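Visitor: One file is attached below, structure24.cif, containing mmCIF, C-alpha atoms and all ligand atoms.
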```
data_model
loop_
_atom_site.group_PDB
_atom_site.id
_atom_site.type_symbol
_atom_site.label_atom_id
_atom_site.label_comp_id
_atom_site.auth_asym_id
_atom_site.auth_seq_id
_atom_site.Cartn_x
_atom_site.Cartn_y
_atom_site.Cartn_z
ATOM 1 C CA MET A 238 -36.043 -59.591 -0.713
ATOM 2 C CA LYS A 239 -39.153 -57.745 0.438
ATOM 3 C CA ILE A 240 -38.854 -54.374 2.200
ATOM 4 C CA LEU A 241 -41.498 -52.401 4.074
ATOM 5 C CA ALA A 242 -40.358 -48.775 3.817
ATOM 6 C CA VAL A 243 -41.966 -46.066 5.964
ATOM 7 C CA SER A 244 -41.445 -42.348 6.505
ATOM 8 C CA ASP A 245 -42.866 -38.980 7.472
ATOM 9 C CA LYS A 246 -46.114 -40.040 9.129
ATOM 10 C CA ASP A 247 -47.425 -42.674 11.511
ATOM 11 C CA ASP A 248 -49.856 -44.315 9.109
ATOM 12 C CA SER A 249 -52.922 -45.676 10.907
ATOM 13 C CA LYS A 250 -53.917 -47.494 7.691
ATOM 14 C CA LEU A 251 -50.698 -49.514 7.846
ATOM 15 C CA GLN A 252 -51.143 -50.185 11.572
ATOM 16 C CA ALA A 253 -54.631 -51.575 10.894
ATOM 17 C CA CYS A 254 -53.202 -53.814 8.152
ATOM 18 C CA VAL A 255 -50.516 -55.086 10.539
ATOM 19 C CA LEU A 256 -53.109 -55.942 13.184
ATOM 20 C CA LYS A 257 -55.158 -57.811 10.564
ATOM 21 C CA ASN A 258 -51.981 -59.605 9.423
ATOM 22 C CA MET A 259 -52.835 -58.819 5.796
ATOM 23 C CA GLN A 260 -51.391 -60.793 2.936
ATOM 24 C CA PHE A 261 -49.136 -58.023 1.581
ATOM 25 C CA LEU A 262 -47.241 -57.944 4.878
ATOM 26 C CA GLN A 263 -46.385 -61.645 4.734
ATOM 27 C CA ASN A 264 -42.759 -62.500 4.013
ATOM 28 C CA ILE A 265 -41.363 -59.055 4.786
ATOM 29 C CA ASP A 266 -37.599 -59.419 5.254
ATOM 30 C CA LEU A 267 -36.726 -55.951 6.478
ATOM 31 C CA ILE A 268 -38.354 -52.742 7.719
ATOM 32 C CA VAL A 269 -36.701 -49.495 6.607
ATOM 33 C CA SER A 270 -37.513 -46.065 8.035
ATOM 34 C CA CYS A 271 -36.498 -42.939 6.145
ATOM 35 C CA GLY A 272 -37.231 -40.790 9.207
ATOM 36 C CA ASP A 273 -39.804 -38.462 10.742
ATOM 37 C CA VAL A 274 -41.948 -41.214 12.248
ATOM 38 C CA SER A 275 -42.420 -41.752 15.972
ATOM 39 C CA LYS A 276 -40.457 -44.147 18.127
ATOM 40 C CA GLN A 277 -43.754 -45.783 19.204
ATOM 41 C CA TYR A 278 -44.757 -46.381 15.566
ATOM 42 C CA LEU A 279 -41.470 -48.113 14.735
ATOM 43 C CA GLU A 280 -41.635 -50.190 17.912
ATOM 44 C CA PHE A 281 -45.172 -51.227 16.957
ATOM 45 C CA LEU A 282 -43.965 -52.403 13.523
ATOM 46 C CA VAL A 283 -40.926 -54.238 14.895
ATOM 47 C CA ASP A 284 -42.907 -55.882 17.719
ATOM 48 C CA ASN A 285 -45.691 -57.084 15.445
ATOM 49 C CA LEU A 286 -43.828 -57.980 12.258
ATOM 50 C CA LYS A 287 -40.799 -59.292 14.176
ATOM 51 C CA LYS A 288 -38.368 -58.206 11.480
ATOM 52 C CA PRO A 289 -35.121 -56.215 11.609
ATOM 53 C CA LEU A 290 -35.304 -52.437 11.233
ATOM 54 C CA PHE A 291 -32.768 -50.142 9.578
ATOM 55 C CA PHE A 292 -33.421 -46.431 10.026
ATOM 56 C CA VAL A 293 -32.121 -42.911 9.548
ATOM 57 C CA GLU A 294 -33.290 -39.860 11.449
ATOM 58 C CA GLY A 295 -35.409 -37.214 9.761
ATOM 59 C CA ASN A 296 -35.448 -33.559 10.742
ATOM 60 C CA HIS A 297 -38.328 -34.187 13.222
ATOM 61 C CA GLN A 298 -39.174 -36.928 15.753
ATOM 62 C CA PHE A 299 -35.669 -38.067 16.689
ATOM 63 C CA LEU A 300 -35.044 -41.581 17.982
ATOM 64 C CA SER A 301 -31.446 -40.961 19.017
ATOM 65 C CA PRO A 302 -30.042 -38.305 21.318
ATOM 66 C CA GLU A 303 -29.010 -35.220 19.377
ATOM 67 C CA LYS A 304 -25.352 -34.635 18.640
ATOM 68 C CA ASP A 305 -23.096 -32.494 20.841
ATOM 69 C CA ILE A 306 -24.228 -34.169 24.051
ATOM 70 C CA PRO A 307 -22.732 -32.239 26.945
ATOM 71 C CA GLY A 308 -20.333 -34.303 29.017
ATOM 72 C CA ASN A 309 -16.736 -35.291 29.335
ATOM 73 C CA TYR A 310 -15.109 -35.451 25.899
ATOM 74 C CA LEU A 311 -12.917 -38.410 26.804
ATOM 75 C CA ASP A 312 -15.845 -40.342 28.340
ATOM 76 C CA ASN A 313 -17.860 -39.816 25.156
ATOM 77 C CA LYS A 314 -14.949 -40.960 22.972
ATOM 78 C CA LEU A 315 -14.391 -44.087 25.083
ATOM 79 C CA PHE A 316 -18.117 -44.879 24.958
ATOM 80 C CA ASP A 317 -18.083 -44.491 21.173
ATOM 81 C CA PHE A 318 -15.062 -46.776 20.873
ATOM 82 C CA PHE A 319 -16.242 -49.604 23.113
ATOM 83 C CA SER A 320 -20.031 -49.579 22.730
ATOM 84 C CA HIS A 321 -21.459 -51.984 20.164
ATOM 85 C CA ASP A 322 -25.000 -50.914 21.028
ATOM 86 C CA LYS A 323 -24.616 -47.242 20.212
ATOM 87 C CA TYR A 324 -26.339 -47.618 16.834
ATOM 88 C CA ILE A 325 -29.278 -49.618 18.206
ATOM 89 C CA THR A 326 -32.451 -47.933 19.459
ATOM 90 C CA SER A 327 -36.188 -48.687 19.320
ATOM 91 C CA GLY A 328 -35.371 -52.198 18.128
ATOM 92 C CA GLY A 329 -33.663 -50.798 15.043
ATOM 93 C CA ILE A 330 -30.181 -50.105 13.717
ATOM 94 C CA ASN A 331 -29.198 -46.545 12.828
ATOM 95 C CA ILE A 332 -27.377 -46.738 9.483
ATOM 96 C CA HIS A 333 -26.455 -43.046 9.163
ATOM 97 C CA SER A 334 -22.975 -42.716 7.667
ATOM 98 C CA ARG A 335 -22.503 -46.460 8.015
ATOM 99 C CA ILE A 336 -22.549 -49.652 5.998
ATOM 100 C CA GLU A 337 -24.671 -52.671 6.956
ATOM 101 C CA ASN A 338 -24.799 -55.921 5.001
ATOM 102 C CA PHE A 339 -28.180 -57.602 4.614
ATOM 103 C CA ASN A 340 -29.166 -60.426 2.250
ATOM 104 C CA ASP A 341 -26.488 -59.877 -0.419
ATOM 105 C CA PHE A 342 -27.007 -56.104 -0.369
ATOM 106 C CA ILE A 343 -24.965 -53.269 1.099
ATOM 107 C CA PHE A 344 -27.175 -50.753 2.910
ATOM 108 C CA VAL A 345 -25.933 -47.230 3.594
ATOM 109 C CA GLY A 346 -27.811 -44.310 5.139
ATOM 110 C CA PHE A 347 -27.654 -40.529 5.433
ATOM 111 C CA GLU A 348 -29.867 -38.810 7.984
ATOM 112 C CA GLY A 349 -31.507 -35.393 8.218
ATOM 113 C CA SER A 350 -32.144 -32.564 5.823
ATOM 114 C CA LEU A 351 -30.475 -29.491 4.404
ATOM 115 C CA ARG A 352 -29.831 -26.906 7.132
ATOM 116 C CA TYR A 353 -32.658 -24.338 7.234
ATOM 117 C CA ASN A 354 -32.679 -23.396 10.959
ATOM 118 C CA LYS A 355 -30.889 -24.288 14.180
ATOM 119 C CA GLY A 356 -32.739 -27.621 14.633
ATOM 120 C CA GLY A 357 -31.125 -31.030 14.952
ATOM 121 C CA PHE A 358 -30.070 -33.414 12.209
ATOM 122 C CA GLN A 359 -29.586 -30.688 9.600
ATOM 123 C CA TYR A 360 -26.485 -30.363 7.428
ATOM 124 C CA THR A 361 -25.048 -27.883 4.972
ATOM 125 C CA GLN A 362 -24.253 -29.153 1.488
ATOM 126 C CA LYS A 363 -20.560 -29.140 2.446
ATOM 127 C CA GLU A 364 -21.090 -31.096 5.687
ATOM 128 C CA MET A 365 -23.166 -33.767 3.952
ATOM 129 C CA SER A 366 -20.653 -33.937 1.130
ATOM 130 C CA LYS A 367 -17.883 -34.925 3.604
ATOM 131 C CA THR A 368 -20.035 -37.731 5.053
ATOM 132 C CA VAL A 369 -21.053 -38.989 1.624
ATOM 133 C CA ASP A 370 -17.455 -38.959 0.335
ATOM 134 C CA LYS A 371 -16.349 -41.079 3.311
ATOM 135 C CA ILE A 372 -18.942 -43.750 2.518
ATOM 136 C CA LYS A 373 -18.164 -43.607 -1.221
ATOM 137 C CA SER A 374 -14.509 -44.363 -0.451
ATOM 138 C CA LYS A 375 -15.472 -47.321 1.752
ATOM 139 C CA ILE A 376 -17.695 -48.798 -0.948
ATOM 140 C CA LYS A 377 -14.994 -48.348 -3.589
ATOM 141 C CA LEU A 378 -12.564 -50.163 -1.274
ATOM 142 C CA ILE A 379 -15.040 -53.017 -0.730
ATOM 143 C CA ARG A 380 -15.487 -53.278 -4.510
ATOM 144 C CA PHE A 381 -11.720 -53.279 -5.035
ATOM 145 C CA PHE A 382 -11.329 -56.246 -2.669
ATOM 146 C CA ASP A 383 -14.367 -58.007 -4.186
ATOM 147 C CA CYS A 384 -12.654 -57.717 -7.547
ATOM 148 C CA LEU A 385 -9.251 -58.759 -6.186
ATOM 149 C CA PHE A 386 -10.611 -61.883 -4.501
ATOM 150 C CA LYS A 387 -13.123 -62.570 -7.300
ATOM 151 C CA ARG A 388 -16.093 -62.264 -4.917
ATOM 152 C CA LYS A 389 -19.592 -61.418 -6.102
ATOM 153 C CA ARG A 390 -20.107 -57.650 -6.042
ATOM 154 C CA LYS A 391 -23.016 -56.677 -3.789
ATOM 155 C CA ASP A 392 -25.575 -54.143 -4.973
ATOM 156 C CA VAL A 393 -26.005 -50.991 -2.913
ATOM 157 C CA ILE A 394 -29.262 -49.719 -1.404
ATOM 158 C CA VAL A 395 -29.285 -46.185 0.015
ATOM 159 C CA VAL A 396 -31.643 -44.924 2.736
ATOM 160 C CA THR A 397 -31.910 -41.159 3.304
ATOM 161 C CA HIS A 398 -34.396 -38.723 4.735
ATOM 162 C CA ALA A 399 -33.719 -35.882 2.297
ATOM 163 C CA PRO A 400 -34.080 -36.284 -1.473
ATOM 164 C CA ILE A 401 -31.406 -36.189 -4.160
ATOM 165 C CA LYS A 402 -30.863 -32.790 -5.802
ATOM 166 C CA ASP A 403 -33.297 -32.426 -8.729
ATOM 167 C CA ILE A 404 -35.137 -35.718 -8.038
ATOM 168 C CA HIS A 405 -38.402 -35.279 -6.099
ATOM 169 C CA ASP A 406 -37.013 -32.231 -4.232
ATOM 170 C CA LYS A 407 -38.587 -28.784 -3.912
ATOM 171 C CA GLN A 408 -37.342 -25.215 -4.288
ATOM 172 C CA ASP A 409 -37.520 -24.149 -0.606
ATOM 173 C CA LEU A 410 -34.349 -24.556 1.444
ATOM 174 C CA CYS A 411 -35.820 -27.186 3.783
ATOM 175 C CA HIS A 412 -36.856 -29.515 0.968
ATOM 176 C CA GLN A 413 -33.996 -29.040 -1.478
ATOM 177 C CA GLY A 414 -31.989 -32.180 -2.229
ATOM 178 C CA PHE A 415 -28.306 -32.745 -1.539
ATOM 179 C CA THR A 416 -25.935 -32.363 -4.484
ATOM 180 C CA SER A 417 -23.565 -34.936 -2.941
ATOM 181 C CA PHE A 418 -26.378 -37.527 -3.199
ATOM 182 C CA LYS A 419 -26.468 -36.939 -6.965
ATOM 183 C CA LYS A 420 -22.716 -37.530 -7.204
ATOM 184 C CA PHE A 421 -23.105 -40.703 -5.126
ATOM 185 C CA VAL A 422 -25.752 -42.019 -7.545
ATOM 186 C CA ASP A 423 -23.631 -41.243 -10.583
ATOM 187 C CA GLU A 424 -20.447 -42.833 -9.160
ATOM 188 C CA ILE A 425 -21.706 -45.785 -7.091
ATOM 189 C CA LYS A 426 -24.868 -46.575 -9.086
ATOM 190 C CA PRO A 427 -27.012 -48.061 -6.294
ATOM 191 C CA VAL A 428 -29.940 -50.231 -7.405
ATOM 192 C CA LEU A 429 -32.368 -48.530 -5.038
ATOM 193 C CA TRP A 430 -32.586 -45.163 -3.231
ATOM 194 C CA LEU A 431 -35.265 -44.755 -0.548
ATOM 195 C CA HIS A 432 -35.971 -41.279 0.817
ATOM 196 C CA GLY A 433 -38.741 -39.328 2.542
ATOM 197 C CA HIS A 434 -39.122 -35.688 3.654
ATOM 198 C CA VAL A 435 -41.125 -34.563 0.602
ATOM 199 C CA HIS A 436 -44.788 -34.929 1.507
ATOM 200 C CA PHE A 437 -47.508 -36.050 -0.892
ATOM 201 C CA GLU A 438 -50.301 -33.898 0.506
ATOM 202 C CA GLY A 439 -52.511 -32.898 -2.403
ATOM 203 C CA GLN A 440 -50.677 -35.212 -4.777
ATOM 204 C CA THR A 441 -52.341 -38.102 -6.493
ATOM 205 C CA ASN A 442 -49.253 -39.735 -7.946
ATOM 206 C CA SER A 443 -46.497 -41.607 -6.204
ATOM 207 C CA GLN A 444 -42.911 -40.409 -6.669
ATOM 208 C CA ILE A 445 -40.944 -43.271 -8.156
ATOM 209 C CA THR A 446 -38.239 -42.281 -10.625
ATOM 210 C CA LYS A 447 -35.691 -44.300 -12.552
ATOM 211 C CA HIS A 448 -32.384 -42.401 -12.746
ATOM 212 C CA ASP A 449 -29.930 -44.404 -14.884
ATOM 213 C CA ASN A 450 -29.754 -47.745 -13.048
ATOM 214 C CA THR A 451 -31.135 -46.426 -9.773
ATOM 215 C CA LEU A 452 -34.782 -46.626 -8.776
ATOM 216 C CA VAL A 453 -35.503 -43.599 -6.563
ATOM 217 C CA VAL A 454 -38.571 -43.982 -4.308
ATOM 218 C CA ASN A 455 -40.129 -41.327 -2.098
ATOM 219 C CA THR A 456 -41.416 -43.557 0.701
ATOM 220 C CA TYR A 457 -43.797 -40.963 2.219
ATOM 221 C CA GLY A 458 -46.338 -43.023 4.198
ATOM 222 C CA PHE A 459 -45.408 -46.606 3.388
ATOM 223 C CA HIS A 460 -44.288 -48.578 0.363
ATOM 224 C CA ILE A 461 -43.620 -52.256 -0.277
ATOM 225 C CA ILE A 462 -40.519 -52.970 -2.360
ATOM 226 C CA ASN A 463 -39.921 -56.412 -3.851
ATOM 227 C CA ILE A 464 -36.446 -57.118 -5.228
ATOM 228 C CA ASN A 465 -35.913 -60.242 -7.316
ATOM 229 C CA ASP A 466 -32.551 -60.329 -9.090
ATOM 230 C CA ASN A 467 -32.537 -57.179 -11.230
ATOM 231 C CA ASP A 468 -36.283 -56.675 -11.037
ATOM 232 C CA ILE A 469 -37.617 -54.179 -8.469
ATOM 233 C CA LYS A 470 -41.369 -53.736 -7.964
ATOM 234 C CA VAL A 471 -42.782 -50.987 -5.767
ATOM 235 C CA VAL A 472 -46.312 -50.769 -4.381
ATOM 236 C CA SER A 473 -47.191 -47.306 -3.143
ATOM 237 C CA ASN A 474 -49.506 -46.629 -0.189
ATOM 238 C CA ILE A 475 -51.662 -44.428 -2.398
ATOM 239 C CA GLN A 476 -52.735 -47.440 -4.432
ATOM 240 C CA ASN A 477 -55.892 -49.216 -3.457
ATOM 241 C CA LEU A 478 -55.300 -51.829 -0.780
ATOM 242 C CA ALA A 479 -56.891 -54.346 -3.125
ATOM 243 C CA ASP A 480 -53.709 -54.056 -5.239
ATOM 244 C CA TYR A 481 -51.744 -55.667 -2.453
HETATM 245 FE FE FE B 1 -38.547 -34.220 7.059
#
```
Would you encode the structure as structure tokens?
Guide:
Amino acid sequence: MKILAVSDKDDSKLQACVLKNMQFLQNIDLIVSCGDVSKQYLEFLVDNLKKPLFFVEGNHQFLSPEKDIPGNYLDNKLFDFFSHDKYITSGGINIHSRIENFNDFIFVGFEGSLRYNKGGFQYTQKEMSKTVDKIKSKIKLIRFFDCLFKRKRKDVIVVTHAPIKDIHDKQDLCHQGFTSFKKFVDEIKPVLWLHGHVHFEGQTNSQITKHDNTLVVNTYGFHIININDNDIKVVSNIQNLADY
């Protein structure tokens, strides 16, 4: 499976490559956005590459309406219950706090960042912990039934905007990682964790870290991820285009 992962900036270099239909963009199976890119940018990628898009919101540039929409409580609840399209926007599927199956993998997502002001899509450690625990329980249940019915266990890929605590995060409140993400990694052991939010400005190295069995990739800009069985190869946007 080949993933094009984007986040944090609308990369004109990538757009030029898409228009030239460059070799490294051939055979992409899925586009993943870790947030903080514009709706127009994602629509451009989906329209031109004609591939499915999974996304989570960042703490800027929201694709979905913010939470706490004013309106009748019952109307909102009924809409939530009956609408199958509520997760779909800009040609993509919002995977925040949800599970989506794709190509023998389970994708889960967690949007936003640690709360640092009154802006949207920000969560306290405790709030995020509740969301993460809910998804952990669902995955454990899926694994229980996989074991019971002797089905092949699917590997998990996680898509977040914010980083994991102590992996690629920073000291300031806005860019600190979530502790519940660390617990998720240790308990569920996903094969891949894609995040954004931590910018590379001034940095010459990519941020790709192996934590136990999980490859953690800061997707700032764009990255190409190739997964073949247990082998995962990542090409960072900071590498020379000739490497593609
Ligand atoms: Fe961000």
Visitor: Go through the shown structure with the PyMOL selection byres (((not hetatm)) within 8 of (chain B and resi 1)) and write out the matching residues as a ChimeraX atom specification.
Guide: /A:245,272-273,295-297,349-350,398-399,412,433-435
Visitor: Report the residues retrieved by the PyMOL selection byres (((chain A and resi 405) around 10) and not hetatm) from the displayed file, expressed as a VMD selection string.
Guide: chain A and resid 399 to 404 406 to 407 412 to 414 432 to 436 444 to 446 453 to 455
Visitor: Which of these, A:Val396, A:Leu282, A:Cys271, A:Leu431, has the shortest distance to Ile336 of chain A once you count only C-alpha atoms?
Guide: A:Val396
Visitor: For atom CA of Glu364 of chain A and atom CA of Leu410 of chain A, quote the distance in Å rounded to one decimal.
Guide: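 Computing the Euclidean distance for atom CA of Glu364 of chain A and atom CA of Leu410 of chain A yields 15.4 Å.
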Visitor: Excluding Phe347 of chain A and its own-chain neighbours fewer than 3 positions away, which residues fall within 6 Å of it when counting only C-alpha atoms? Please give them as a count of residues only.
Guide: 3
Visitor: Go ahead and compute the interatomic distance for atom CA of Lys391 of chain A and atom CA of Arg335 of chain A, in Å to one decimal.
Guide: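 Value for the atom CA of Lys391 of chain A-atom CA of Arg335 of chain A distance: 15.6 Å.
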Visitor: Find, counting all atoms listed in the file, the residue in A:Asp284, A:Ser473, A:Ile462, A:Asp248 that gets nearest to Leu429 of chain A.
Guide: A:Ile462
Visitor: As a check of understanding, name the residues that the PyMOL selection byres (((chain A and resi 463) around 9) and not hetatm) selects in the supplied structure, as a list in words.
Guide: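 That expression, the PyMOL selection byres (((chain A and resi 463) around 9) and not hetatm), corresponds here to Met238, Lys239, Ile240, Ile461, Ile462, Ile464, Asn465, Asp468, Ile469, Lys470, Val471 and Val472 of chain A.
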Visitor: Using all atoms listed in the file and a cutoff of 6 Å, can you tell me which residues are near (-39.2, -57.7, 5.3) in the file's coordinates, and write them out as an mmCIF file with C-alpha atoms, keeping the file's coordinate frame?
Guide:
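Just written: part.cif:
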```cif
data_model
loop_
_atom_site.group_PDB
_atom_site.id
_atom_site.type_symbol
_atom_site.label_atom_id
_atom_site.label_comp_id
_atom_site.auth_asym_id
_atom_site.auth_seq_id
_atom_site.Cartn_x
_atom_site.Cartn_y
_atom_site.Cartn_z
ATOM 1 C CA LYS A 239 -39.153 -57.745 0.438
ATOM 2 C CA ILE A 240 -38.854 -54.374 2.200
ATOM 3 C CA LEU A 241 -41.498 -52.401 4.074
ATOM 4 C CA ILE A 265 -41.363 -59.055 4.786
ATOM 5 C CA ASP A 266 -37.599 -59.419 5.254
ATOM 6 C CA LEU A 267 -36.726 -55.951 6.478
ATOM 7 C CA ILE A 268 -38.354 -52.742 7.719
#
```
Visitor: Please report the interatomic distance between atom CA of Ile332 of chain A and atom CA of Glu294 of chain A in Å with one decimal.
Guide: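 Going from atom CA of Ile332 of chain A over to atom CA of Glu294 of chain A, I get 9.3 Å.
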Visitor: Return the single residue from A:Phe418, A:Lys288, A:Asn474, A:Asn467 that is closest to Ser443 of chain A, with distances computed using all atoms listed in the file.
Guide: A:Asn474
Visitor: Box along x, y and z, 3 Å on every side, all listed atoms of segment 269-278 of chain A inside: centre and edge lengths in Å to one decimal, as lines of an AutoDock Vina configuration file.
Guide:
```
center_x = -40.6
center_y = -44.0
center_z = 12.7
size_x = 14.3
size_y = 17.0
size_z = 19.1
```
Visitor: Give the answer as one residue: which of A:Phe415, A:Tyr360, A:Tyr278, A:Phe261 has the shortest atom-to-atom distance to Lys246 of chain A, using all atoms listed in the file?
Guide: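 Going through A:Phe415, A:Tyr360, A:Tyr278, A:Phe261 one by one, the smallest distance to Lys246 of chain A is for A:Tyr278.
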Visitor: If we count only C-alpha atoms, what is near Asp449 of chain A at a cut-off of 12 Å, once residues fewer than 5 positions away on the same chain are taken out, given as a ChimeraX atom specification?
Guide: /A:419,422-430
Visitor: So, counting all atoms listed in the file, which residue among A:Val283, A:Lys276, A:Val293, A:Gly329 is closest to Val255 of chain A?
Guide: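 Smallest separation from Val255 of chain A among the options: A:Val283.
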Visitor: Lys367 of chain A: which residues within 9 Å, counting only C-alpha atoms, same-chain residues fewer than 5 positions away excluded, as a ChimeraX atom specification?
Guide: /A:362,372,417
Visitor: Using only C-alpha atoms, which residue out of A:Ile343, A:Phe459, A:Lys287, A:Gln359 lies closest to Arg380 of chain A?
Guide: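 Closest residue, counting only C-alpha atoms: A:Ile343.
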Visitor: Quick one: residues within 9 Å of Asp247 of chain A, only C-alpha atoms, excluding same-chain residues fewer than 5 positions away - as a PDB file with C-alpha atoms, in the coordinates of the input?
Guide:
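Okay, part-v1.pdb is ready:
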```pdb
ATOM      1  CA  GLN A 252     -51.143 -50.185  11.572  1.00  0.00           C
ATOM      2  CA  ASP A 273     -39.804 -38.462  10.742  1.00  0.00           C
ATOM      3  CA  VAL A 274     -41.948 -41.214  12.248  1.00  0.00           C
ATOM      4  CA  SER A 275     -42.420 -41.752  15.972  1.00  0.00           C
ATOM      5  CA  TYR A 278     -44.757 -46.381  15.566  1.00  0.00           C
ATOM      6  CA  LEU A 279     -41.470 -48.113  14.735  1.00  0.00           C
ATOM      7  CA  GLY A 458     -46.338 -43.023   4.198  1.00  0.00           C
TER       8      GLY A 458
END
```
Visitor: Reconstruct N, CA and C atoms of segment 275-296 of chain A from the incomplete input and present them as an mmCIF file, keeping the file's coordinate frame.
Guide:
```cif
data_model
loop_
_atom_site.group_PDB
_atom_site.id
_atom_site.type_symbol
_atom_site.label_atom_id
_atom_site.label_comp_id
_atom_site.auth_asym_id
_atom_site.auth_seq_id
_atom_site.Cartn_x
_atom_site.Cartn_y
_atom_site.Cartn_z
ATOM 1 N N SER A 275 -42.653 -41.706 14.523
ATOM 2 C CA SER A 275 -42.420 -41.752 15.972
ATOM 3 C C SER A 275 -41.744 -43.062 16.382
ATOM 4 N N LYS A 276 -41.097 -42.974 17.527
ATOM 5 C CA LYS A 276 -40.457 -44.147 18.127
ATOM 6 C C LYS A 276 -41.506 -45.244 18.393
ATOM 7 N N GLN A 277 -42.697 -44.818 18.874
ATOM 8 C CA GLN A 277 -43.754 -45.783 19.204
ATOM 9 C C GLN A 277 -44.229 -46.524 17.944
ATOM 10 N N TYR A 278 -44.312 -45.804 16.842
ATOM 11 C CA TYR A 278 -44.757 -46.381 15.566
ATOM 12 C C TYR A 278 -43.770 -47.464 15.103
ATOM 13 N N LEU A 279 -42.480 -47.142 15.167
ATOM 14 C CA LEU A 279 -41.470 -48.113 14.735
ATOM 15 C C LEU A 279 -41.457 -49.322 15.665
ATOM 16 N N GLU A 280 -41.599 -49.069 16.958
ATOM 17 C CA GLU A 280 -41.635 -50.190 17.912
ATOM 18 C C GLU A 280 -42.848 -51.081 17.647
ATOM 19 N N PHE A 281 -43.958 -50.457 17.294
ATOM 20 C CA PHE A 281 -45.172 -51.227 16.957
ATOM 21 C C PHE A 281 -44.889 -52.153 15.761
ATOM 22 N N LEU A 282 -44.248 -51.601 14.722
ATOM 23 C CA LEU A 282 -43.965 -52.403 13.523
ATOM 24 C C LEU A 282 -42.994 -53.535 13.827
ATOM 25 N N VAL A 283 -41.937 -53.220 14.576
ATOM 26 C CA VAL A 283 -40.926 -54.238 14.895
ATOM 27 C C VAL A 283 -41.534 -55.328 15.783
ATOM 28 N N ASP A 284 -42.306 -54.915 16.787
ATOM 29 C CA ASP A 284 -42.907 -55.882 17.719
ATOM 30 C C ASP A 284 -43.872 -56.822 17.008
ATOM 31 N N ASN A 285 -44.664 -56.272 16.085
ATOM 32 C CA ASN A 285 -45.691 -57.084 15.445
ATOM 33 C C ASN A 285 -45.176 -57.887 14.247
ATOM 34 N N LEU A 286 -44.321 -57.266 13.442
ATOM 35 C CA LEU A 286 -43.828 -57.980 12.258
ATOM 36 C C LEU A 286 -42.619 -58.854 12.589
ATOM 37 N N LYS A 287 -41.956 -58.518 13.703
ATOM 38 C CA LYS A 287 -40.799 -59.292 14.176
ATOM 39 C C LYS A 287 -39.712 -59.409 13.098
ATOM 40 N N LYS A 288 -39.401 -58.253 12.512
ATOM 41 C CA LYS A 288 -38.368 -58.206 11.480
ATOM 42 C C LYS A 288 -37.352 -57.123 11.839
ATOM 43 N N PRO A 289 -36.124 -57.242 11.306
ATOM 44 C CA PRO A 289 -35.121 -56.215 11.609
ATOM 45 C C PRO A 289 -35.509 -54.850 11.036
ATOM 46 N N LEU A 290 -35.018 -53.812 11.672
ATOM 47 C CA LEU A 290 -35.304 -52.437 11.233
ATOM 48 C C LEU A 290 -33.995 -51.681 11.030
ATOM 49 N N PHE A 291 -33.835 -51.105 9.838
ATOM 50 C CA PHE A 291 -32.768 -50.142 9.578
ATOM 51 C C PHE A 291 -33.430 -48.773 9.498
ATOM 52 N N PHE A 292 -32.800 -47.753 10.101
ATOM 53 C CA PHE A 292 -33.421 -46.431 10.026
ATOM 54 C C PHE A 292 -32.392 -45.312 9.915
ATOM 55 N N VAL A 293 -32.871 -44.169 9.423
ATOM 56 C CA VAL A 293 -32.121 -42.911 9.548
ATOM 57 C C VAL A 293 -33.064 -41.903 10.199
ATOM 58 N N GLU A 294 -32.494 -40.911 10.835
ATOM 59 C CA GLU A 294 -33.290 -39.860 11.449
ATOM 60 C C GLU A 294 -33.761 -38.872 10.385
ATOM 61 N N GLY A 295 -34.969 -38.316 10.601
ATOM 62 C CA GLY A 295 -35.409 -37.214 9.761
ATOM 63 C C GLY A 295 -35.032 -35.904 10.428
ATOM 64 N N ASN A 296 -35.709 -34.837 10.068
ATOM 65 C CA ASN A 296 -35.448 -33.559 10.742
ATOM 66 C C ASN A 296 -36.478 -33.290 11.843
#
```
